[in-house]
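A.B. asks: Below is the structure I would like to discuss, written out as structure tokens.
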Amino acid sequence: MSYARAGSLEALRTRARMLARIRAFFAARGVLEVETPALSPAGVSDLALDSVMATARSLGPTPLYLHTSPEYAMKRLLAGGSGDIYQVCRVFRDDELGRWHQPEFTLLEWYRIGFDDVRLMDEVEALLRDALADDGTRWRSERISYSDALVRALGVDSGASTASVAASLAERGVDVPQGLTHDALLDLAFASVVVPSFAADALTFVCDYPASQAALARLKLRSPAVAARFEVFARGIELANGFHELADAAEQRRRFEAEIETRRRTGRHVPPLDEAFLDALARGLPDCAGVAVGVDRLVALAVGADDVAAAMAFVHRPSRG
């Protein structure tokens with residue numbers, strides 16, 4: 001792996017202006033900027049992510065992990081009474097390298113006490129409009145449930161059988177690998193058919209994800225239950241992922257352990273659980289909602305680039321052997 005010079009000076013100036021707007025946005029709302037460690041003794045169990053491992057001789061022989069998000073540490077601050085907080089930081093994810101992915105990138109993450117996912121969507125929309133003020137697009141906003149987005153683009157909802165979803169994808173010329181789980185098939189449907197169908201001039205908020213994709217979100221007790229989770233897309237790019245945060249430590253542990261069991265069964269690395277985070281949840285996380293926004297993707301959108309590299313001073317490239 002090597003790294004190379006990437007974005008133009010004008011893109012870097014756009015980035016600097018955007019970061020200044022972001023900080024002004026939160027200062028005006030009284031949200032505290034914080035910093036948390038990038039190194040942790042615990043990795044992420046999320047099946048969609050893999051942690052980058054590191055060592056620090058001064059801290060002993062046990063492997064450490066570079067954080068994929070500052071979420072766990074920020075929630076420890078919330079449980080300790082910090083109030084509303086935000087952070088802009090570098091995060092690290094293994095096996096991510098491509099047009100819209102780098103193994104390290106800049107993430108904006110914030111948490112608002114007393115907010116649910118619907119109220120946080122309002123604030124995310126305001127932040128995105130503010131951050132993109134100079135890009136020349138008159139952004140409109142659209143909100144749609146996960147299931148309705150599937151119906152509109154694919155003709156089936158999230159409760160349809162795996163076979164029905166696969167058949168609808170095949171009818172649209174999508175190559176469907178054998179053996180995909182239902183959630184993996186839905187992810188394929190979203191990436192290949194649903195997201196490309198969104199309007200190019202819209203900030204599209206997809207909400208009420210299936211309960212099986214709740215991650216760290218609480219569930220809305222409907223029939224069927226859905227996750228209090230949303231994602232935001234613009235011009236085919238995922239910009240944000242937000243939750244009405246799960247505060248039940250026992251339920252969060254159950255979800256983590258289920259992910260770890262899947263990792264073991266499929267031969268993937270199994271990191272230690274973040275017990276300090278789970279202890280903080282057990283002590284009491286205030287009712288809050290949180291969201292992560294990819295800053296590099298936002299800058300790329302602002303400068304009209306079709307690759308995240310255009311938004312970054314340097315990018316990583318695979319080593320040529």
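By order of appearance in the structure tokens: chains A, B, ..., then residues from 1 within every chain, and ligands from 1 in the order shown.
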Mind checking which residues fall within 12 Å of Arg29 (chain A), counting only C-alpha atoms, ignoring those fewer than 6 positions away in the same chain, and posting them as a list in words?

C.D. replies: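 Neighbouring residues, sequence-local ones excluded: Ile22, Arg23, Asp84, Ile85, Tyr86, Arg112, Glu123, Ala126 and Leu127 of chain A.
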
A.B. asks: Residues near Leu150 (chain A), anyone? I mean within 10 Å using only C-alpha atoms, not counting same-chain ones fewer than 2 positions away, as a count of residues only.

C.D. replies: 19

A.B. asks: Set the distance at 9 Å and use only C-alpha atoms: which residues neighbour region 76-78 of chain A once local chain neighbours fewer than 6 positions away are removed? I'd like the list as a ChimeraX atom specification.

C.D. replies: /A:84-85,111,113,276-281,285-286

A.B. asks: Residues of the last selection are to be written out with N, CA and C atoms, as a PDB file, in the first residue's frame.

C.D. replies:
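Ended up saving to selection_33.pdb:
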ATOM      1  N   ASP A  84     -25.003  17.488  24.280  1.00  0.00           N
ATOM      2  CA  ASP A  84     -24.866  17.387  22.824  1.00  0.00           C
ATOM      3  C   ASP A  84     -23.399  17.523  22.414  1.00  0.00           C
ATOM      4  N   ILE A  85     -22.921  16.612  21.553  1.00  0.00           N
ATOM      5  CA  ILE A  85     -21.518  16.618  21.141  1.00  0.00           C
ATOM      6  C   ILE A  85     -21.393  16.288  19.658  1.00  0.00           C
ATOM      7  N   TYR A 111     -24.309  13.799  18.107  1.00  0.00           N
ATOM      8  CA  TYR A 111     -25.378  13.222  18.936  1.00  0.00           C
ATOM      9  C   TYR A 111     -26.158  14.349  19.588  1.00  0.00           C
ATOM     10  N   ILE A 113     -29.226  15.135  22.346  1.00  0.00           N
ATOM     11  CA  ILE A 113     -30.053  14.652  23.448  1.00  0.00           C
ATOM     12  C   ILE A 113     -31.517  15.035  23.195  1.00  0.00           C
ATOM     13  N   ALA A 276     -16.214  -1.492  27.790  1.00  0.00           N
ATOM     14  CA  ALA A 276     -16.368  -0.161  28.382  1.00  0.00           C
ATOM     15  C   ALA A 276     -17.593   0.544  27.804  1.00  0.00           C
ATOM     16  N   PHE A 277     -17.820   0.346  26.509  1.00  0.00           N
ATOM     17  CA  PHE A 277     -19.009   0.918  25.878  1.00  0.00           C
ATOM     18  C   PHE A 277     -20.281   0.280  26.435  1.00  0.00           C
ATOM     19  N   LEU A 278     -20.284  -1.042  26.538  1.00  0.00           N
ATOM     20  CA  LEU A 278     -21.460  -1.730  27.072  1.00  0.00           C
ATOM     21  C   LEU A 278     -21.707  -1.352  28.533  1.00  0.00           C
ATOM     22  N   ASP A 279     -20.649  -1.161  29.305  1.00  0.00           N
ATOM     23  CA  ASP A 279     -20.805  -0.704  30.692  1.00  0.00           C
ATOM     24  C   ASP A 279     -21.438   0.685  30.729  1.00  0.00           C
ATOM     25  N   ALA A 280     -21.038   1.560  29.805  1.00  0.00           N
ATOM     26  CA  ALA A 280     -21.623   2.904  29.749  1.00  0.00           C
ATOM     27  C   ALA A 280     -23.114   2.833  29.435  1.00  0.00           C
ATOM     28  N   LEU A 281     -23.502   1.953  28.507  1.00  0.00           N
ATOM     29  CA  LEU A 281     -24.924   1.779  28.213  1.00  0.00           C
ATOM     30  C   LEU A 281     -25.672   1.295  29.457  1.00  0.00           C
ATOM     31  N   LEU A 285     -27.519   5.545  29.009  1.00  0.00           N
ATOM     32  CA  LEU A 285     -27.329   6.477  27.900  1.00  0.00           C
ATOM     33  C   LEU A 285     -28.565   7.355  27.811  1.00  0.00           C
ATOM     34  N   PRO A 286     -28.402   8.679  27.764  1.00  0.00           N
ATOM     35  CA  PRO A 286     -29.586   9.522  27.632  1.00  0.00           C
ATOM     36  C   PRO A 286     -30.302   9.272  26.308  1.00  0.00           C
TER      37      PRO A 286
END

A.B. asks: Which of region 13-239 of chain A end up as strand (DSSP E or B) when DSSP is run on this backbone - answer as a PyMOL selection string?

C.D. replies: chain A and resi 32-33+39-40+52-54+64-66+85-92+98+101+104-113+140-145+202-210+217+219-220+226-234+237-239

A.B. asks: Based on DSSP run over this structure's backbone, return all residues of region 19-160 of chain A in alpha helix (DSSP H), as a PyMOL selection string.

C.D. replies: chain A and resi 19-28+71-79+117-131+146-154

A.B. asks: For Thr14 (chain A), work out the shell of residues within 9 Å, counting only C-alpha atoms and skipping chain neighbours fewer than 4 positions away, then give it as a ChimeraX atom specification.

C.D. replies: /A:9-10,18-19,134,299,302-303,311

A.B. asks: Pull the closest atom pair for each residue of region 34-109 of chain A that gets at most 10 Å from region 231-255 of chain A, along with the distance in Å to one decimal, counting only C-alpha atoms, ordering rows by chain and then ascending residue number, as CSV.

C.D. replies:
residue,atom,partner,partner_atom,distance
A:Ser45,CA,A:Arg255,CA,9.3
A:Asp46,CA,A:Arg255,CA,9.3
A:Lys75,CA,A:Glu245,CA,9.6
A:Ala79,CA,A:Ala247,CA,9.9
A:Trp100,CA,A:Ile237,CA,8.0
A:Leu107,CA,A:Ala240,CA,9.7
A:Leu108,CA,A:Ala240,CA,9.2
A:Glu109,CA,A:Gly242,CA,9.3

A.B. asks: I need the residues from that last selection saved to file as a short mmCIF file (atom, residue, chain, number, x, y, z; two decimals), in the first residue's frame (with N, CA and C atoms), if you can.

C.D. replies:
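This is the output file again-v4.cif:
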data_model
loop_
_atom_site.label_atom_id
_atom_site.label_comp_id
_atom_site.auth_asym_id
_atom_site.auth_seq_id
_atom_site.Cartn_x
_atom_site.Cartn_y
_atom_site.Cartn_z
N SER A 45 -17.73 -5.34 15.59
CA SER A 45 -18.30 -6.64 15.22
C SER A 45 -19.23 -6.55 14.02
N ASP A 46 -19.65 -5.34 13.65
CA ASP A 46 -20.56 -5.11 12.52
C ASP A 46 -20.10 -5.92 11.31
N LYS A 75 -20.40 7.80 22.92
CA LYS A 75 -21.51 7.40 23.77
C LYS A 75 -21.08 7.26 25.23
N ALA A 79 -23.01 9.17 28.17
CA ALA A 79 -23.44 8.52 29.40
C ALA A 79 -22.86 9.22 30.62
N TRP A 100 -15.53 5.27 -4.19
CA TRP A 100 -16.08 6.05 -3.09
C TRP A 100 -15.60 5.58 -1.73
N LEU A 107 -14.71 11.62 8.98
CA LEU A 107 -16.09 11.42 9.37
C LEU A 107 -16.53 12.54 10.30
N LEU A 108 -17.73 13.04 10.07
CA LEU A 108 -18.41 13.95 11.00
C LEU A 108 -19.47 13.14 11.72
N GLU A 109 -19.43 13.15 13.04
CA GLU A 109 -20.43 12.40 13.81
C GLU A 109 -20.96 13.29 14.92
#
